[in-house]
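A.B. asks: Quick one: the structure is below, and I'll ask about it shortly.
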Amino acid sequence: MLSKNFKNLLIGQKNYIKIISVCRNASNETAKNSDKYSQLNNLRQRPVYLDAQATSPVDPRVLDAMLPYMTNMYGNPHSRTHPYGWESEKAVEKAREEVAQLINADPKEIIFTSGATESNNIAVKGVARFYKDSKKHIITTQIEHKCVLDSCRALEMEGFKVTYLPVQTNGLIDLKELEKTIQPDTSLVSIMAVNNEIGVLQQIDDIGRLCRSKKVFFHTDAAQAIGKLPIDVEKSKIDLLSISGHKVYGPKGVGALYVRRKPRVRLEPIQSGGGQERGMRSGTVPTPLVVGLGAACRVAKEEMKYDEERIQKLSKRLIDKITSELTHVVVNGDPEHRYPGCVNISFAFVEGESLLMACKNIALSSGSACTSASLEPSYVLRAIGADDELAHSSIRFGISRFTTDEEIDFTAEQTIKHVKALREMSPLWEMVQEGIDLKSIKWTQH
C-alpha cells in the first residue's frame, strides 16, 4: 500500500500533471516523425516485460520513500547551516546504513555513485593507479561487463599488464588457473558475481579466500546479484563491491561502491571536486536517488528468501515448458551455479533477432543491453565455447519480482510457436530433419 503522504502529493500536483501532459503531447508529435519510435503509438497494450537484467521496475515502496525528497524536502545533504540540509543528510546516512546491512558492511564503507559502471571504473582504475609504483598487474575474466573490460584496456594503455582469464564451457572460472595467474605484483582481481548475460554465479567465497591468502584485493561487480542472492562481504572476503540501483528495483542513475576499511583498501579517485564521499567520489549526492537505493536494499533484505524461491519456480516453469516442446535447445551457463532469474537459451536454426521481432508482445533481449546495438555474436557466449550460429540464436529471459505465472506461460507458448514457425522457413532445419549432419558438409565458397 502507498502511504497517505504519497497520495496527498499526487492530489496536490494537478498543475504539475498538466505541464507533464503538454510535454507528453509534444513528445508524441516528435515520436510520430521517427520510425524508431512510431511503433509505440500502434501498441494496443504494453508487452510482457521479461528483460529484468537490463533494468527492473521500481518497487512502489521505493517510489514512496523517494517522493518527499523530490518535492518539499529538497535540501542539499552537504549544506550544514540549516534544516533543509540536515534532513537530507539524515536521509542519506539512513540509506547508507540500509545498503550496508544488505551486504553485512559498515556504513562508512559505502560510497554512493551514479551506478555500477562508475563503481566499477573507480574500483578497477582507482586501486590500480594507487598501487602502481609497486604493483602493475590486474586479473579479470573474458566475460566481465564491458565497463570492466574497457577499464582494463585503458589501464593497459597506461602500462599495466592485464590477464583476461578464460572461463570453462559452463561459464565458471578455473580456480587453479586463477591461482597460477596471481603474481607478486598483482594488485587486484576483478570477477563479477553473477554474469549479466548467462546468469552464471561465480564461486566468490573461494575466490575471496584465495585472494586474501595471496594479499591481493578482490573486487566483484555484484550489480546482478545484490538483493537477489545473499552476499556477505566478510564471509566472502570481498574488498570492493559494485552495486546498481536500477537492477534491484530501485531508481536509475544511482549505485554504490563498497570499499573495505580493515584491511584498508586505498584507491585514487577518478573524479575531482568537493571531496564528498570520503574524497572517493566528488559531487553532490542525489538525495532522492540515494533514498530510493536504500529503500530498495531494505525491501530486498526483507523479501530475498521469498523472491528467490518464487523466481526459482518461475525459471523452472519456463525452461521445462520450452524444452519439453522444442529440440535442439541449449540453456547456456552452469545449471547449478546460476541465478535462476537470468535464463539464456540458444535455439538452433533460428536467428535471435528474428525471434525477438516475432515475439513483439514480449520484451526480451538477445544479450546485454549495453551492447544490444551490435550485430556481433555475444562475446560472453563465444567465451564459453558457443559457435557463432548458436551465439546468434540466443535469447535472454529476465524474470523479476513482479513476473507472474501467466506471463511465464504466455512467454513459453509464444516462444515455442515462433521458433517452430521460423524453423519451418529454414533450409538447414529441413536438412537436419532429413538426418543430414551439417558439420560433415563442405560448403563451397564463392
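We label chains A, B, ... in the order they appear in the C-alpha cells, count residues from 1 in each chain, and number ligands from 1 in the order shown.
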Range 228-241 of chain A: which residues within 8 Å, counting only C-alpha atoms, same-chain residues fewer than 5 positions away excluded, as a list in words?

C.D. replies: Leu102, Ile103, Asn104, Ala105, Ala123, Ile204, Asp205, Asp206, Gly208, Arg209, Arg212, Phe217, Phe218, His219, Thr220, Asp221, Ala222, Val248, Leu257, Tyr258, Val259, Arg260, Val265, Ala300, Met304, Asp307, Glu308 and Tyr339 of chain A

A.B. asks: Give me every alpha helix (DSSP H) residue in range 203-436 of chain A, going by DSSP on the backbone, as a PyMOL selection string.

C.D. replies: chain A and resi 204-213+287-325+352-358+379-383+388-392+405-424+427-433

A.B. asks: I want to know what sits within 9 Å of range 353-357 of chain A, based on only C-alpha atoms, with residues of the same chain fewer than 2 positions away left out; could you give that as a PDB file with N, CA, C and O atoms, in the first residue's frame?

C.D. replies:
```pdb
ATOM      1  N   VAL A 350      17.607 -20.865 -35.634  1.00  0.00           N
ATOM      2  CA  VAL A 350      16.736 -19.695 -35.535  1.00  0.00           C
ATOM      3  C   VAL A 350      17.618 -18.478 -35.269  1.00  0.00           C
ATOM      4  O   VAL A 350      18.475 -18.510 -34.391  1.00  0.00           O
ATOM      5  N   GLU A 351      17.414 -17.425 -36.044  1.00  0.00           N
ATOM      6  CA  GLU A 351      18.146 -16.183 -35.810  1.00  0.00           C
ATOM      7  C   GLU A 351      17.515 -15.464 -34.623  1.00  0.00           C
ATOM      8  O   GLU A 351      16.307 -15.221 -34.592  1.00  0.00           O
ATOM      9  N   CYS A 359       8.379 -12.213 -31.479  1.00  0.00           N
ATOM     10  CA  CYS A 359       7.778 -12.135 -30.139  1.00  0.00           C
ATOM     11  C   CYS A 359       7.572 -10.676 -29.731  1.00  0.00           C
ATOM     12  O   CYS A 359       8.065 -10.232 -28.681  1.00  0.00           O
ATOM     13  N   LYS A 360       6.850  -9.937 -30.547  1.00  0.00           N
ATOM     14  CA  LYS A 360       6.701  -8.498 -30.307  1.00  0.00           C
ATOM     15  C   LYS A 360       5.847  -8.182 -29.081  1.00  0.00           C
ATOM     16  O   LYS A 360       5.848  -7.055 -28.592  1.00  0.00           O
ATOM     17  N   ILE A 362       6.370  -9.522 -26.233  1.00  0.00           N
ATOM     18  CA  ILE A 362       7.204  -9.808 -25.058  1.00  0.00           C
ATOM     19  C   ILE A 362       8.484  -8.988 -25.163  1.00  0.00           C
ATOM     20  O   ILE A 362       9.134  -8.978 -26.211  1.00  0.00           O
ATOM     21  N   ALA A 363       8.825  -8.294 -24.095  1.00  0.00           N
ATOM     22  CA  ALA A 363      10.073  -7.524 -24.060  1.00  0.00           C
ATOM     23  C   ALA A 363      11.199  -8.456 -23.625  1.00  0.00           C
ATOM     24  O   ALA A 363      11.313  -8.805 -22.457  1.00  0.00           O
ATOM     25  N   LEU A 364      12.019  -8.855 -24.599  1.00  0.00           N
ATOM     26  CA  LEU A 364      13.132  -9.773 -24.360  1.00  0.00           C
ATOM     27  C   LEU A 364      14.418  -9.142 -24.868  1.00  0.00           C
ATOM     28  O   LEU A 364      14.424  -8.033 -25.404  1.00  0.00           O
ATOM     29  N   SER A 365      15.514  -9.854 -24.715  1.00  0.00           N
ATOM     30  CA  SER A 365      16.801  -9.349 -25.181  1.00  0.00           C
ATOM     31  C   SER A 365      17.609 -10.499 -25.752  1.00  0.00           C
ATOM     32  O   SER A 365      17.422 -11.659 -25.388  1.00  0.00           O
ATOM     33  N   SER A 366      18.530 -10.141 -26.660  1.00  0.00           N
ATOM     34  CA  SER A 366      19.445 -11.162 -27.188  1.00  0.00           C
ATOM     35  C   SER A 366      20.787 -11.110 -26.466  1.00  0.00           C
ATOM     36  O   SER A 366      21.736 -11.773 -26.853  1.00  0.00           O
ATOM     37  N   HIS A 392      24.343 -16.446 -32.121  1.00  0.00           N
ATOM     38  CA  HIS A 392      23.382 -15.577 -32.795  1.00  0.00           C
ATOM     39  C   HIS A 392      21.937 -15.980 -32.510  1.00  0.00           C
ATOM     40  O   HIS A 392      21.018 -15.193 -32.746  1.00  0.00           O
ATOM     41  N   SER A 393      21.746 -17.209 -32.011  1.00  0.00           N
ATOM     42  CA  SER A 393      20.381 -17.709 -31.820  1.00  0.00           C
ATOM     43  C   SER A 393      19.938 -17.639 -30.359  1.00  0.00           C
ATOM     44  O   SER A 393      18.930 -18.223 -29.988  1.00  0.00           O
ATOM     45  N   SER A 394      20.677 -16.923 -29.536  1.00  0.00           N
ATOM     46  CA  SER A 394      20.365 -16.904 -28.103  1.00  0.00           C
ATOM     47  C   SER A 394      19.389 -15.789 -27.741  1.00  0.00           C
ATOM     48  O   SER A 394      19.401 -14.711 -28.324  1.00  0.00           O
ATOM     49  N   ILE A 395      18.565 -16.078 -26.755  1.00  0.00           N
ATOM     50  CA  ILE A 395      17.611 -15.115 -26.209  1.00  0.00           C
ATOM     51  C   ILE A 395      17.751 -15.143 -24.689  1.00  0.00           C
ATOM     52  O   ILE A 395      17.853 -16.211 -24.084  1.00  0.00           O
ATOM     53  N   THR A 415       7.090 -18.279 -27.532  1.00  0.00           N
ATOM     54  CA  THR A 415       8.437 -18.672 -27.963  1.00  0.00           C
ATOM     55  C   THR A 415       8.393 -19.976 -28.741  1.00  0.00           C
ATOM     56  O   THR A 415       8.981 -20.094 -29.826  1.00  0.00           O
ATOM     57  N   HIS A 418       6.736 -19.430 -32.250  1.00  0.00           N
ATOM     58  CA  HIS A 418       7.537 -18.698 -33.239  1.00  0.00           C
ATOM     59  C   HIS A 418       8.824 -19.424 -33.600  1.00  0.00           C
ATOM     60  O   HIS A 418       9.292 -19.305 -34.743  1.00  0.00           O
ATOM     61  N   VAL A 419       9.414 -20.164 -32.671  1.00  0.00           N
ATOM     62  CA  VAL A 419      10.606 -20.962 -33.010  1.00  0.00           C
ATOM     63  C   VAL A 419      10.227 -22.016 -34.045  1.00  0.00           C
ATOM     64  O   VAL A 419      10.942 -22.218 -35.040  1.00  0.00           O
ATOM     65  N   LEU A 422       9.675 -20.257 -37.454  1.00  0.00           N
ATOM     66  CA  LEU A 422      10.931 -19.805 -38.071  1.00  0.00           C
ATOM     67  C   LEU A 422      11.760 -20.983 -38.571  1.00  0.00           C
ATOM     68  O   LEU A 422      12.419 -20.900 -39.608  1.00  0.00           O
TER      69      LEU A 422
END
```

A.B. asks: Looking at only C-alpha atoms, which of A:Ser242, A:Gln101, A:Ser187, A:Asn120 is the one that sits closest to Arg266 in chain A?

C.D. replies: A:Ser187

A.B. asks: May I have the residues within 10 Å of range 149-159 of chain A as JSON, numbers by chain, using only C-alpha atoms and disregarding those fewer than 5 positions away in the same chain?

C.D. replies: {"A": [117, 120, 121, 122, 123, 124, 125, 128, 129, 132, 136, 137, 138, 139, 140, 141, 142, 143, 144, 164, 190]}

A.B. asks: Rounded to one decimal place, report the CA of Thr55 in chain A-CA of His246 in chain A distance in Å.

C.D. replies: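 Rounded to one decimal, the two atoms are 5.7 Å apart.
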
A.B. asks: In Å, rounded to a single decimal, give me how far CA of Phe397 in chain A is from CA of Asn361 in chain A.

C.D. replies: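 According to the coordinates, CA of Asn361 in chain A and CA of Phe397 in chain A are separated by 13.5 Å.
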
A.B. asks: Check range 196-236 of chain A with DSSP on the backbone and list each residue it calls strand (DSSP E), as a list in words.

C.D. replies: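 DSSP-assigned strand (DSSP E) residues in range 196-236 of chain A: Phe217, Phe218, His219, Thr220 and Asp221 of chain A.
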
A.B. asks: Kindly give the distance, in Å, that separates CA of Lys252 in chain A and CA of Gly341 in chain A, rounded to a single decimal.

C.D. replies: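 Computed distance, CA of Lys252 in chain A to CA of Gly341 in chain A, equals 19.9 Å.
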
A.B. asks: Pick out the residues sitting within 7 Å of range 280-296 of chain A, and hand them over as a PDB file with all heavy atoms, in the first residue's frame; count only C-alpha atoms, and ignore anything fewer than 4 positions along from it in its own chain.

C.D. replies:
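Generated file (selection.pdb):
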```pdb
ATOM      1  N   VAL A  62       9.643   1.757  -2.907  1.00  0.00           N
ATOM      2  CA  VAL A  62      10.830   2.576  -3.149  1.00  0.00           C
ATOM      3  C   VAL A  62      10.417   3.982  -3.588  1.00  0.00           C
ATOM      4  O   VAL A  62      10.932   4.982  -3.091  1.00  0.00           O
ATOM      5  CB  VAL A  62      11.726   1.905  -4.210  1.00  0.00           C
ATOM      6  CG1 VAL A  62      12.858   2.836  -4.630  1.00  0.00           C
ATOM      7  CG2 VAL A  62      12.286   0.588  -3.673  1.00  0.00           C
ATOM      8  N   LEU A  63       9.495   4.040  -4.527  1.00  0.00           N
ATOM      9  CA  LEU A  63       8.988   5.338  -5.000  1.00  0.00           C
ATOM     10  C   LEU A  63       8.370   6.133  -3.852  1.00  0.00           C
ATOM     11  O   LEU A  63       8.581   7.341  -3.724  1.00  0.00           O
ATOM     12  CB  LEU A  63       7.948   5.117  -6.101  1.00  0.00           C
ATOM     13  CG  LEU A  63       7.297   6.378  -6.681  1.00  0.00           C
ATOM     14  CD1 LEU A  63       8.333   7.293  -7.315  1.00  0.00           C
ATOM     15  CD2 LEU A  63       6.219   6.003  -7.695  1.00  0.00           C
ATOM     16  N   ALA A  65       9.172   6.068  -0.740  1.00  0.00           N
ATOM     17  CA  ALA A  65      10.242   6.601   0.118  1.00  0.00           C
ATOM     18  C   ALA A  65      10.932   7.795  -0.541  1.00  0.00           C
ATOM     19  O   ALA A  65      11.371   8.729   0.146  1.00  0.00           O
ATOM     20  CB  ALA A  65      11.263   5.504   0.411  1.00  0.00           C
ATOM     21  N   MET A  66      11.003   7.804  -1.869  1.00  0.00           N
ATOM     22  CA  MET A  66      11.713   8.859  -2.597  1.00  0.00           C
ATOM     23  C   MET A  66      10.941  10.164  -2.709  1.00  0.00           C
ATOM     24  O   MET A  66      11.531  11.252  -2.681  1.00  0.00           O
ATOM     25  CB  MET A  66      12.046   8.374  -4.018  1.00  0.00           C
ATOM     26  CG  MET A  66      13.060   7.265  -4.103  1.00  0.00           C
ATOM     27  SD  MET A  66      13.173   6.618  -5.805  1.00  0.00           S
ATOM     28  CE  MET A  66      13.740   8.079  -6.687  1.00  0.00           C
ATOM     29  N   TYR A  69      11.525  13.606  -0.945  1.00  0.00           N
ATOM     30  CA  TYR A  69      12.814  14.246  -1.234  1.00  0.00           C
ATOM     31  C   TYR A  69      12.889  14.768  -2.676  1.00  0.00           C
ATOM     32  O   TYR A  69      13.879  15.362  -3.073  1.00  0.00           O
ATOM     33  CB  TYR A  69      13.958  13.261  -0.939  1.00  0.00           C
ATOM     34  CG  TYR A  69      13.947  12.849   0.509  1.00  0.00           C
ATOM     35  CD1 TYR A  69      13.289  11.681   0.907  1.00  0.00           C
ATOM     36  CD2 TYR A  69      14.530  13.645   1.483  1.00  0.00           C
ATOM     37  CE1 TYR A  69      13.229  11.318   2.242  1.00  0.00           C
ATOM     38  CE2 TYR A  69      14.481  13.284   2.824  1.00  0.00           C
ATOM     39  CZ  TYR A  69      13.826  12.127   3.195  1.00  0.00           C
ATOM     40  OH  TYR A  69      13.764  11.784   4.531  1.00  0.00           O
ATOM     41  N   MET A  70      11.813  14.554  -3.416  1.00  0.00           N
ATOM     42  CA  MET A  70      11.717  15.108  -4.761  1.00  0.00           C
ATOM     43  C   MET A  70      10.780  16.308  -4.783  1.00  0.00           C
ATOM     44  O   MET A  70      10.584  16.936  -5.823  1.00  0.00           O
ATOM     45  CB  MET A  70      11.215  14.035  -5.737  1.00  0.00           C
ATOM     46  CG  MET A  70      12.109  12.817  -5.812  1.00  0.00           C
ATOM     47  SD  MET A  70      11.468  11.524  -6.891  1.00  0.00           S
ATOM     48  CE  MET A  70      11.899  12.182  -8.489  1.00  0.00           C
ATOM     49  N   PRO A  77      22.318  17.702   0.807  1.00  0.00           N
ATOM     50  CA  PRO A  77      22.778  16.984   2.009  1.00  0.00           C
ATOM     51  C   PRO A  77      24.128  17.474   2.547  1.00  0.00           C
ATOM     52  O   PRO A  77      24.521  17.110   3.651  1.00  0.00           O
ATOM     53  CB  PRO A  77      22.864  15.532   1.531  1.00  0.00           C
ATOM     54  CG  PRO A  77      23.044  15.616   0.058  1.00  0.00           C
ATOM     55  CD  PRO A  77      22.270  16.826  -0.370  1.00  0.00           C
ATOM     56  N   SER A  88      18.158  16.209   4.754  1.00  0.00           N
ATOM     57  CA  SER A  88      18.643  15.444   3.599  1.00  0.00           C
ATOM     58  C   SER A  88      19.850  14.595   3.987  1.00  0.00           C
ATOM     59  O   SER A  88      19.961  13.433   3.569  1.00  0.00           O
ATOM     60  CB  SER A  88      19.018  16.394   2.461  1.00  0.00           C
ATOM     61  OG  SER A  88      17.868  16.980   1.901  1.00  0.00           O
ATOM     62  N   ALA A  91      18.702  11.550   5.830  1.00  0.00           N
ATOM     63  CA  ALA A  91      18.118  10.556   4.914  1.00  0.00           C
ATOM     64  C   ALA A  91      19.216   9.794   4.163  1.00  0.00           C
ATOM     65  O   ALA A  91      19.117   8.578   3.971  1.00  0.00           O
ATOM     66  CB  ALA A  91      17.183  11.245   3.928  1.00  0.00           C
ATOM     67  N   VAL A  92      20.262  10.514   3.743  1.00  0.00           N
ATOM     68  CA  VAL A  92      21.377   9.884   3.029  1.00  0.00           C
ATOM     69  C   VAL A  92      22.082   8.876   3.929  1.00  0.00           C
ATOM     70  O   VAL A  92      22.416   7.755   3.502  1.00  0.00           O
ATOM     71  CB  VAL A  92      22.369  10.954   2.520  1.00  0.00           C
ATOM     72  CG1 VAL A  92      23.698  10.307   2.093  1.00  0.00           C
ATOM     73  CG2 VAL A  92      21.765  11.733   1.362  1.00  0.00           C
ATOM     74  N   ALA A  95      20.053   5.767   4.354  1.00  0.00           N
ATOM     75  CA  ALA A  95      20.170   4.933   3.153  1.00  0.00           C
ATOM     76  C   ALA A  95      21.505   4.200   3.141  1.00  0.00           C
ATOM     77  O   ALA A  95      21.588   3.024   2.742  1.00  0.00           O
ATOM     78  CB  ALA A  95      20.024   5.798   1.904  1.00  0.00           C
ATOM     79  N   ARG A  96      22.554   4.874   3.592  1.00  0.00           N
ATOM     80  CA  ARG A  96      23.883   4.247   3.634  1.00  0.00           C
ATOM     81  C   ARG A  96      23.860   3.020   4.563  1.00  0.00           C
ATOM     82  O   ARG A  96      24.454   1.985   4.266  1.00  0.00           O
ATOM     83  CB  ARG A  96      24.911   5.270   4.125  1.00  0.00           C
ATOM     84  CG  ARG A  96      26.344   4.952   3.711  1.00  0.00           C
ATOM     85  CD  ARG A  96      27.337   5.935   4.303  1.00  0.00           C
ATOM     86  NE  ARG A  96      27.069   7.318   3.952  1.00  0.00           N
ATOM     87  CZ  ARG A  96      27.476   7.901   2.830  1.00  0.00           C
ATOM     88  NH1 ARG A  96      28.173   7.209   1.944  1.00  0.00           N
ATOM     89  NH2 ARG A  96      27.199   9.181   2.587  1.00  0.00           N
ATOM     90  N   GLU A  98      21.184   1.215   5.226  1.00  0.00           N
ATOM     91  CA  GLU A  98      20.351   0.173   4.611  1.00  0.00           C
ATOM     92  C   GLU A  98      21.126  -0.604   3.546  1.00  0.00           C
ATOM     93  O   GLU A  98      20.984  -1.825   3.437  1.00  0.00           O
ATOM     94  CB  GLU A  98      19.093   0.806   4.008  1.00  0.00           C
ATOM     95  CG  GLU A  98      18.119   1.312   5.055  1.00  0.00           C
ATOM     96  CD  GLU A  98      16.986   2.144   4.489  1.00  0.00           C
ATOM     97  OE1 GLU A  98      17.205   2.836   3.456  1.00  0.00           O
ATOM     98  OE2 GLU A  98      15.878   2.130   5.061  1.00  0.00           O
ATOM     99  N   VAL A  99      21.955   0.094   2.784  1.00  0.00           N
ATOM    100  CA  VAL A  99      22.789  -0.589   1.787  1.00  0.00           C
ATOM    101  C   VAL A  99      23.809  -1.473   2.493  1.00  0.00           C
ATOM    102  O   VAL A  99      24.024  -2.634   2.107  1.00  0.00           O
ATOM    103  CB  VAL A  99      23.504   0.441   0.875  1.00  0.00           C
ATOM    104  CG1 VAL A  99      24.470  -0.278  -0.069  1.00  0.00           C
ATOM    105  CG2 VAL A  99      22.487   1.246   0.076  1.00  0.00           C
ATOM    106  N   THR A 113      27.512   6.357  -5.783  1.00  0.00           N
ATOM    107  CA  THR A 113      27.962   6.691  -7.136  1.00  0.00           C
ATOM    108  C   THR A 113      26.739   6.844  -8.036  1.00  0.00           C
ATOM    109  O   THR A 113      25.603   6.762  -7.574  1.00  0.00           O
ATOM    110  CB  THR A 113      28.870   5.590  -7.706  1.00  0.00           C
ATOM    111  OG1 THR A 113      28.079   4.397  -7.922  1.00  0.00           O
ATOM    112  CG2 THR A 113      30.030   5.264  -6.763  1.00  0.00           C
ATOM    113  N   GLY A 245      21.501   0.635  -8.632  1.00  0.00           N
ATOM    114  CA  GLY A 245      20.161   0.837  -8.096  1.00  0.00           C
ATOM    115  C   GLY A 245      19.063   0.231  -8.941  1.00  0.00           C
ATOM    116  O   GLY A 245      18.148  -0.421  -8.431  1.00  0.00           O
ATOM    117  N   VAL A 248      17.978  -3.556  -8.779  1.00  0.00           N
ATOM    118  CA  VAL A 248      17.439  -4.100  -7.535  1.00  0.00           C
ATOM    119  C   VAL A 248      16.102  -3.419  -7.196  1.00  0.00           C
ATOM    120  O   VAL A 248      15.773  -3.203  -6.045  1.00  0.00           O
ATOM    121  CB  VAL A 248      18.484  -3.980  -6.396  1.00  0.00           C
ATOM    122  CG1 VAL A 248      18.768  -2.539  -6.038  1.00  0.00           C
ATOM    123  CG2 VAL A 248      18.104  -4.775  -5.161  1.00  0.00           C
ATOM    124  N   TYR A 249      15.332  -3.067  -8.265  1.00  0.00           N
ATOM    125  CA  TYR A 249      14.009  -2.453  -8.135  1.00  0.00           C
ATOM    126  C   TYR A 249      14.089  -1.048  -7.534  1.00  0.00           C
ATOM    127  O   TYR A 249      13.152  -0.581  -6.891  1.00  0.00           O
ATOM    128  CB  TYR A 249      13.067  -3.342  -7.309  1.00  0.00           C
ATOM    129  CG  TYR A 249      13.067  -4.777  -7.772  1.00  0.00           C
ATOM    130  CD1 TYR A 249      13.797  -5.752  -7.101  1.00  0.00           C
ATOM    131  CD2 TYR A 249      12.370  -5.149  -8.915  1.00  0.00           C
ATOM    132  CE1 TYR A 249      13.827  -7.073  -7.537  1.00  0.00           C
ATOM    133  CE2 TYR A 249      12.382  -6.462  -9.369  1.00  0.00           C
ATOM    134  CZ  TYR A 249      13.119  -7.419  -8.677  1.00  0.00           C
ATOM    135  OH  TYR A 249      13.150  -8.708  -9.119  1.00  0.00           O
ATOM    136  N   GLY A 250      15.220  -0.380  -7.767  1.00  0.00           N
ATOM    137  CA  GLY A 250      15.410   0.997  -7.345  1.00  0.00           C
ATOM    138  C   GLY A 250      15.474   1.916  -8.544  1.00  0.00           C
ATOM    139  O   GLY A 250      15.272   1.492  -9.691  1.00  0.00           O
ATOM    140  N   PRO A 251      15.795   3.195  -8.324  1.00  0.00           N
ATOM    141  CA  PRO A 251      15.843   4.159  -9.435  1.00  0.00           C
ATOM    142  C   PRO A 251      17.106   4.035 -10.269  1.00  0.00           C
ATOM    143  O   PRO A 251      18.121   3.484  -9.813  1.00  0.00           O
ATOM    144  CB  PRO A 251      15.807   5.510  -8.707  1.00  0.00           C
ATOM    145  CG  PRO A 251      16.442   5.225  -7.383  1.00  0.00           C
ATOM    146  CD  PRO A 251      16.038   3.824  -7.022  1.00  0.00           C
ATOM    147  N   VAL A 254      21.752   5.826  -9.926  1.00  0.00           N
ATOM    148  CA  VAL A 254      22.399   5.741  -8.610  1.00  0.00           C
ATOM    149  C   VAL A 254      22.944   4.334  -8.394  1.00  0.00           C
ATOM    150  O   VAL A 254      22.405   3.347  -8.890  1.00  0.00           O
ATOM    151  CB  VAL A 254      21.408   6.112  -7.475  1.00  0.00           C
ATOM    152  CG1 VAL A 254      20.311   5.065  -7.332  1.00  0.00           C
ATOM    153  CG2 VAL A 254      22.136   6.316  -6.146  1.00  0.00           C
ATOM    154  N   PRO A 269      40.895   8.534  -6.563  1.00  0.00           N
ATOM    155  CA  PRO A 269      39.613   8.932  -7.171  1.00  0.00           C
ATOM    156  C   PRO A 269      39.788   9.280  -8.637  1.00  0.00           C
ATOM    157  O   PRO A 269      40.834   9.767  -9.049  1.00  0.00           O
ATOM    158  CB  PRO A 269      39.185  10.149  -6.343  1.00  0.00           C
ATOM    159  CG  PRO A 269      40.437  10.663  -5.732  1.00  0.00           C
ATOM    160  CD  PRO A 269      41.334   9.478  -5.529  1.00  0.00           C
ATOM    161  N   GLN A 271      37.512  11.235 -10.165  1.00  0.00           N
ATOM    162  CA  GLN A 271      36.736  12.462 -10.373  1.00  0.00           C
ATOM    163  C   GLN A 271      37.160  13.491  -9.336  1.00  0.00           C
ATOM    164  O   GLN A 271      37.214  13.202  -8.147  1.00  0.00           O
ATOM    165  CB  GLN A 271      35.242  12.137 -10.238  1.00  0.00           C
ATOM    166  CG  GLN A 271      34.305  13.291 -10.534  1.00  0.00           C
ATOM    167  CD  GLN A 271      32.875  12.818 -10.706  1.00  0.00           C
ATOM    168  OE1 GLN A 271      32.577  12.015 -11.576  1.00  0.00           O
ATOM    169  NE2 GLN A 271      31.965  13.298  -9.874  1.00  0.00           N
ATOM    170  N   SER A 272      37.439  14.701  -9.782  1.00  0.00           N
ATOM    171  CA  SER A 272      37.866  15.771  -8.878  1.00  0.00           C
ATOM    172  C   SER A 272      36.690  16.666  -8.525  1.00  0.00           C
ATOM    173  O   SER A 272      35.740  16.810  -9.293  1.00  0.00           O
ATOM    174  CB  SER A 272      38.964  16.616  -9.541  1.00  0.00           C
ATOM    175  OG  SER A 272      40.060  15.807  -9.911  1.00  0.00           O
ATOM    176  N   GLY A 273      36.768  17.279  -7.328  1.00  0.00           N
ATOM    177  CA  GLY A 273      35.674  18.171  -6.922  1.00  0.00           C
ATOM    178  C   GLY A 273      35.730  18.489  -5.453  1.00  0.00           C
ATOM    179  O   GLY A 273      36.804  18.683  -4.881  1.00  0.00           O
ATOM    180  N   GLY A 274      34.557  18.511  -4.823  1.00  0.00           N
ATOM    181  CA  GLY A 274      34.448  18.952  -3.434  1.00  0.00           C
ATOM    182  C   GLY A 274      34.841  17.938  -2.382  1.00  0.00           C
ATOM    183  O   GLY A 274      34.752  18.229  -1.196  1.00  0.00           O
ATOM    184  N   GLY A 275      35.234  16.756  -2.792  1.00  0.00           N
ATOM    185  CA  GLY A 275      35.707  15.764  -1.831  1.00  0.00           C
ATOM    186  C   GLY A 275      34.620  15.024  -1.076  1.00  0.00           C
ATOM    187  O   GLY A 275      34.874  14.454  -0.010  1.00  0.00           O
ATOM    188  N   GLN A 276      33.412  14.985  -1.646  1.00  0.00           N
ATOM    189  CA  GLN A 276      32.339  14.227  -0.991  1.00  0.00           C
ATOM    190  C   GLN A 276      32.661  12.729  -1.011  1.00  0.00           C
ATOM    191  O   GLN A 276      33.545  12.280  -1.720  1.00  0.00           O
ATOM    192  CB  GLN A 276      30.996  14.474  -1.702  1.00  0.00           C
ATOM    193  CG  GLN A 276      30.434  15.869  -1.522  1.00  0.00           C
ATOM    194  CD  GLN A 276      30.892  16.848  -2.588  1.00  0.00           C
ATOM    195  OE1 GLN A 276      31.848  16.585  -3.321  1.00  0.00           O
ATOM    196  NE2 GLN A 276      30.210  17.987  -2.676  1.00  0.00           N
ATOM    197  N   ALA A 300      14.676  -5.559  -0.342  1.00  0.00           N
ATOM    198  CA  ALA A 300      15.323  -6.780  -0.846  1.00  0.00           C
ATOM    199  C   ALA A 300      15.768  -7.681   0.306  1.00  0.00           C
ATOM    200  O   ALA A 300      15.628  -8.909   0.234  1.00  0.00           O
ATOM    201  CB  ALA A 300      16.523  -6.411  -1.714  1.00  0.00           C
TER     202      ALA A 300
END
```
